Amino acid sequence: MNTSSINIIFNIIFTSLMLCLTFSLTCQSIKVALFYNKQVTEIFITPYFGSYNIYVNDSLINNTSNSFLIRKINNSLELKILHDSTYICNTIHFKKKDSISALRLKVISPFTTDRYYNDDLYITNVNNNLRIINIVELEKYICGVVESETGYHNNIEYYKIQAILCRTYTLKNLGKHFDEGFNYCDDVHCQSYKGINYSKSSNTLIYEAINSTHNLVIVDTLLNLIDAVYHANCGGQTMNAEDVWNSKRYYLRSIYDPYCKKKRNTLWNKVISLNEFNNFLNDNGFKVNINNEYEFIQMQRRANLKINNESISLRKIREYFNLKSTFFNIKVKNDSVYFEGKGIGHGVGLCQDGAEQMTLEGFTFDNIINFYYKGVKIVDYHNIWLFKE
Ligand SMILES: [Zn+2]
Ligand SMILES: [Zn+2]
């Protein structure tokens, strides 16, 4: 066994034990549909850590092998156990026997690389494709989402912020896929989730961050979970929520952010033809056209572009022309429209680059959350109900 394999196994034991000890008291489970946007017809599953019972149509089966091939057959499923039996059935449930358990999942059709998921898998046939649901403890799910959404940072304080944002979002939106029988899909429509990457060293830091912010969520003055929205880089000023989405939240206010400017250069440019821009304005009800003299300058962020009495939201312009942000100037030269912008994303709530820079300057996760979300509280979510009663 080489050193990297030993490291991986050490990581599995260490991180799983940490999760298990800490979370055994609060085992709320989340149902996540895996490969939600793919039409999966055939998968291969092997227990990777811990042991499992396998239920076919809710009946426990005996098996002597640890390799399972599952594919859709018309409106049913076929389960082939290597060197053992084959079953035709409607449901297959891999139910963990130990609290430290993970499965390796390989999608054969369409082909993907191996992924690893904690806890249970529940498989059915929906619309002639496999519906694979990962039934996973909340905090283990948060580990996977933070890893997938945040990428690699050698920075535990930053992971703590992401863990609290993710936990707040997760508990607030549990009904998002209610009609389909699960809580979340694994795509950016909800939160990106690719299971657990046991081989990455960042994993241990994420677990530590999740441990030390255990159960913490962000609430407003009425003790409701907040809309914990965030974006990559605000360009120096965030946006009011109502200027982007027409719904006001008192804690999603525009603030000046001196921190993200120190992090990376996010200036961007885009050029389109004047004709195209005028057509766009006309399609959106403008009667006037702009010409070579036109200039639109944002010293501070604005919500709309106004010409005479006509107005259009910058968000609409951003979406139509696929711009990185709404924090842009417009200049017109030689029948071309030049967008000169800064920042990446919608600009509402927490600025990830700014937040990370603040951690490097010694601010703690609670300081940073209160800087970007005004007048909120960070509380243990079990206590919300106590305070509310
Ligand atoms: Zn979704
Ligand atoms: Zn910023």
# chains A, B, ... in the order shown; residues from 1 in each chain; ligands from 1
>>> closest_atom_pairs(of="chain A", to="ligand 2", cutoff="6 Å", atoms="only C-alpha atoms and all ligand atoms", output="JSON lines")
{"residue": "A:Asn233", "atom": "CA", "partner": "ligand 2", "partner_atom_place_in_ligand_line": "1 (Zn)", "distance": 4.8}
{"residue": "A:Cys234", "atom": "CA", "partner": "ligand 2", "partner_atom_place_in_ligand_line": "1 (Zn)", "distance": 3.9}
{"residue": "A:Gly235", "atom": "CA", "partner": "ligand 2", "partner_atom_place_in_ligand_line": "1 (Zn)", "distance": 5.4}
{"residue": "A:Gly236", "atom": "CA", "partner": "ligand 2", "partner_atom_place_in_ligand_line": "1 (Zn)", "distance": 4.9}
{"residue": "A:Asp257", "atom": "CA", "partner": "ligand 2", "partner_atom_place_in_ligand_line": "1 (Zn)", "distance": 4.9}
{"residue": "A:Cys260", "atom": "CA", "partner": "ligand 2", "partner_atom_place_in_ligand_line": "1 (Zn)", "distance": 4.3}
{"residue": "A:Cys351", "atom": "CA", "partner": "ligand 2", "partner_atom_place_in_ligand_line": "1 (Zn)", "distance": 4.6}
{"residue": "A:Gly354", "atom": "CA", "partner": "ligand 2", "partner_atom_place_in_ligand_line": "1 (Zn)", "distance": 4.6}
>>> residues_around(residues="range 100-117 of chain A", least_positions_apart="6", cutoff="8 Å", atoms="only C-alpha atoms", output="PDB file with C-alpha atoms, in the first residue's frame")
ATOM      1  CA  SER A  16     -15.780   9.829   9.764  1.00  0.00           C
ATOM      2  CA  LEU A  17     -15.105   9.420  13.463  1.00  0.00           C
ATOM      3  CA  CYS A  20     -19.941  10.375  13.943  1.00  0.00           C
ATOM      4  CA  LYS A  38     -28.501  13.054 -16.219  1.00  0.00           C
ATOM      5  CA  GLN A  39     -30.462  10.172 -17.630  1.00  0.00           C
ATOM      6  CA  VAL A  40     -28.816   7.372 -15.709  1.00  0.00           C
ATOM      7  CA  THR A  41     -29.634   3.823 -16.766  1.00  0.00           C
ATOM      8  CA  GLU A  42     -26.871   1.676 -15.239  1.00  0.00           C
ATOM      9  CA  ILE A  43     -24.751   1.976 -12.096  1.00  0.00           C
ATOM     10  CA  PHE A  44     -22.227  -0.063 -10.128  1.00  0.00           C
ATOM     11  CA  ILE A  45     -22.163   0.115  -6.331  1.00  0.00           C
ATOM     12  CA  THR A  46     -19.691  -1.229  -3.780  1.00  0.00           C
ATOM     13  CA  PRO A  47     -19.639  -0.567  -0.042  1.00  0.00           C
ATOM     14  CA  TYR A  48     -16.464   1.456   0.542  1.00  0.00           C
ATOM     15  CA  PHE A  49     -16.510   1.849   4.274  1.00  0.00           C
ATOM     16  CA  GLY A  50     -18.661   0.187   6.939  1.00  0.00           C
ATOM     17  CA  SER A  51     -21.253  -2.466   6.136  1.00  0.00           C
ATOM     18  CA  TYR A  52     -24.697  -2.422   4.602  1.00  0.00           C
ATOM     19  CA  ASN A 134     -28.765   9.636  -1.136  1.00  0.00           C
ATOM     20  CA  LYS A 194     -20.745  15.440  -5.369  1.00  0.00           C
ATOM     21  CA  GLY A 195     -20.491  13.327  -2.252  1.00  0.00           C
ATOM     22  CA  ILE A 196     -17.242  13.207  -0.340  1.00  0.00           C
ATOM     23  CA  ASN A 197     -13.785  13.423  -1.850  1.00  0.00           C
ATOM     24  CA  TYR A 198     -11.817  11.389   0.653  1.00  0.00           C
TER      25      TYR A 198
END
>>> closest_atom_pairs(of="chain A", to="ligand 1", cutoff="6 Å", atoms="only C-alpha atoms and all ligand atoms", output="JSON lines")
{"residue": "A:Tyr184", "atom": "CA", "partner": "ligand 1", "partner_atom_place_in_ligand_line": "1 (Zn)", "distance": 5.1}
{"residue": "A:Cys185", "atom": "CA", "partner": "ligand 1", "partner_atom_place_in_ligand_line": "1 (Zn)", "distance": 4.1}
{"residue": "A:His189", "atom": "CA", "partner": "ligand 1", "partner_atom_place_in_ligand_line": "1 (Zn)", "distance": 4.3}
{"residue": "A:Cys190", "atom": "CA", "partner": "ligand 1", "partner_atom_place_in_ligand_line": "1 (Zn)", "distance": 4.0}
>>> atom_distance(atom1="CA of Val332 in chain A", atom2="CA of Leu274 in chain A")
7.5 Å
>>> closest_residue(among="A:Ala209, A:His93, A:Ser65, A:Ser313", to="Ile81 in chain A", atoms="only C-alpha atoms")
A:Ser65
>>> residues_around(residues="Asp58 in chain A", least_positions_apart="2", cutoff="8 Å", atoms="only C-alpha atoms", output="PyMOL selection string")
chain A and resi 55-56+60+91-93
>>> write_last_selection(atoms="C-alpha atoms", output="tab-separated table (two decimals), in the first residue's frame")
chain	number	residue	atom	x	y	z
A	55	TYR	CA	-33.41	-4.34	0.86
A	56	VAL	CA	-35.16	-5.31	-2.39
A	60	LEU	CA	-33.85	-7.79	3.40
A	91	THR	CA	-36.93	-0.43	-5.11
A	92	ILE	CA	-33.41	-1.11	-3.84
A	93	HIS	CA	-32.23	0.31	-0.53
>>> closest_residue(among="A:Val188, A:Leu360, A:Ile218, A:Leu82", to="Asn37 in chain A", atoms="only C-alpha atoms")
A:Val188
>>> residues_around(residues="Lys374 in chain A", least_positions_apart="4", cutoff="8 Å", atoms="only C-alpha atoms", output="VMD selection string")
chain A and resid 250 to 253 370
>>> select_by_dssp(residues="range 25-219 of chain A", states="strand (DSSP E or B)", output="PyMOL selection string")
chain A and resi 29-34+42-49+52-56+59-61+68-73+76-81+86-89+91-96+102-109+115-118+120-126+129-137+184-185+216-219
>>> atom_distance(atom1="CA of Ser76 in chain A", atom2="CA of Lys176 in chain A")
26.5 Å
>>> select_by_dssp(residues="range 185-296 of chain A", states="alpha helix (DSSP H)", output="list in words")
Ser202, Asn203, Thr204, Leu205, Ile206, Tyr207, Glu208, Ala209, Ile210, Asn211, Ser212, Glu242, Asp243, Val244, Trp245, Leu274, Asn275, Glu276, Phe277, Asn278, Asn279, Phe280, Leu281, Asn282 and Asp283 of chain A
>>> closest_residue(among="A:Asn128, A:Ser212, A:Asn63, A:Asn75", to="Glu157 in chain A", atoms="only C-alpha atoms")
A:Ser212
>>> closest_residue(among="A:Phe182, A:Phe327, A:Phe35, A:Tyr338", to="Asn129 in chain A", atoms="only C-alpha atoms")
A:Phe35
>>> residues_around(residues="Asp283 in chain A", least_positions_apart="5", cutoff="12 Å", atoms="only C-alpha atoms", output="list in words")
Glu276, Phe277, Asn278, Val288, Asn289, Ile312, Ile317 and Tyr320 of chain A
>>> closest_residue(among="A:Tyr152, A:Trp268, A:Tyr259, A:Tyr87", to="Lys342 in chain A", atoms="only C-alpha atoms")
A:Trp268
>>> closest_residue(among="A:Leu69, A:Leu314, A:Leu79, A:Ile135", to="Asn57 in chain A", atoms="only C-alpha atoms")
A:Leu79
>>> residues_around(residues="His346 in chain A", least_positions_apart="2", cutoff="10 Å", atoms="only C-alpha atoms", output="VMD selection string")
chain A and resid 229 to 234 238 to 239 241 244 to 245 315 318 324 to 327 343 to 344 348 to 349 351
>>> decode(residues="range 155-182 of chain A", atoms="C-alpha atoms", output="compact mmCIF listing (two decimals), in the first residue's frame")
# COMPACT_ATOMS: atom_id res chain seq x y z
CA ASN A 155 -8.44 28.52 5.45
CA ILE A 156 -10.64 27.10 8.20
CA GLU A 157 -12.34 30.41 9.08
CA TYR A 158 -13.56 30.73 5.49
CA TYR A 159 -14.93 27.18 5.55
CA LYS A 160 -16.78 28.02 8.78
CA ILE A 161 -18.64 30.81 6.97
CA GLN A 162 -19.52 28.55 4.05
CA ALA A 163 -20.71 25.83 6.45
CA ILE A 164 -23.08 28.25 8.23
CA LEU A 165 -24.42 29.65 4.94
CA CYS A 166 -24.95 26.14 3.59
CA ARG A 167 -26.66 24.92 6.77
CA THR A 168 -28.96 27.97 6.77
CA TYR A 169 -29.90 27.45 3.10
CA THR A 170 -30.39 23.71 3.59
CA LEU A 171 -32.74 24.03 6.55
CA LYS A 172 -34.68 26.90 4.98
CA ASN A 173 -35.41 25.17 1.66
CA LEU A 174 -36.16 21.57 2.68
CA GLY A 175 -39.35 21.55 0.57
CA LYS A 176 -37.67 22.55 -2.68
CA HIS A 177 -38.27 19.19 -4.43
CA PHE A 178 -41.14 18.11 -2.15
CA ASP A 179 -43.35 17.05 -5.10
CA GLU A 180 -40.67 14.68 -6.34
CA GLY A 181 -40.19 12.98 -2.97
CA PHE A 182 -36.78 14.35 -1.98
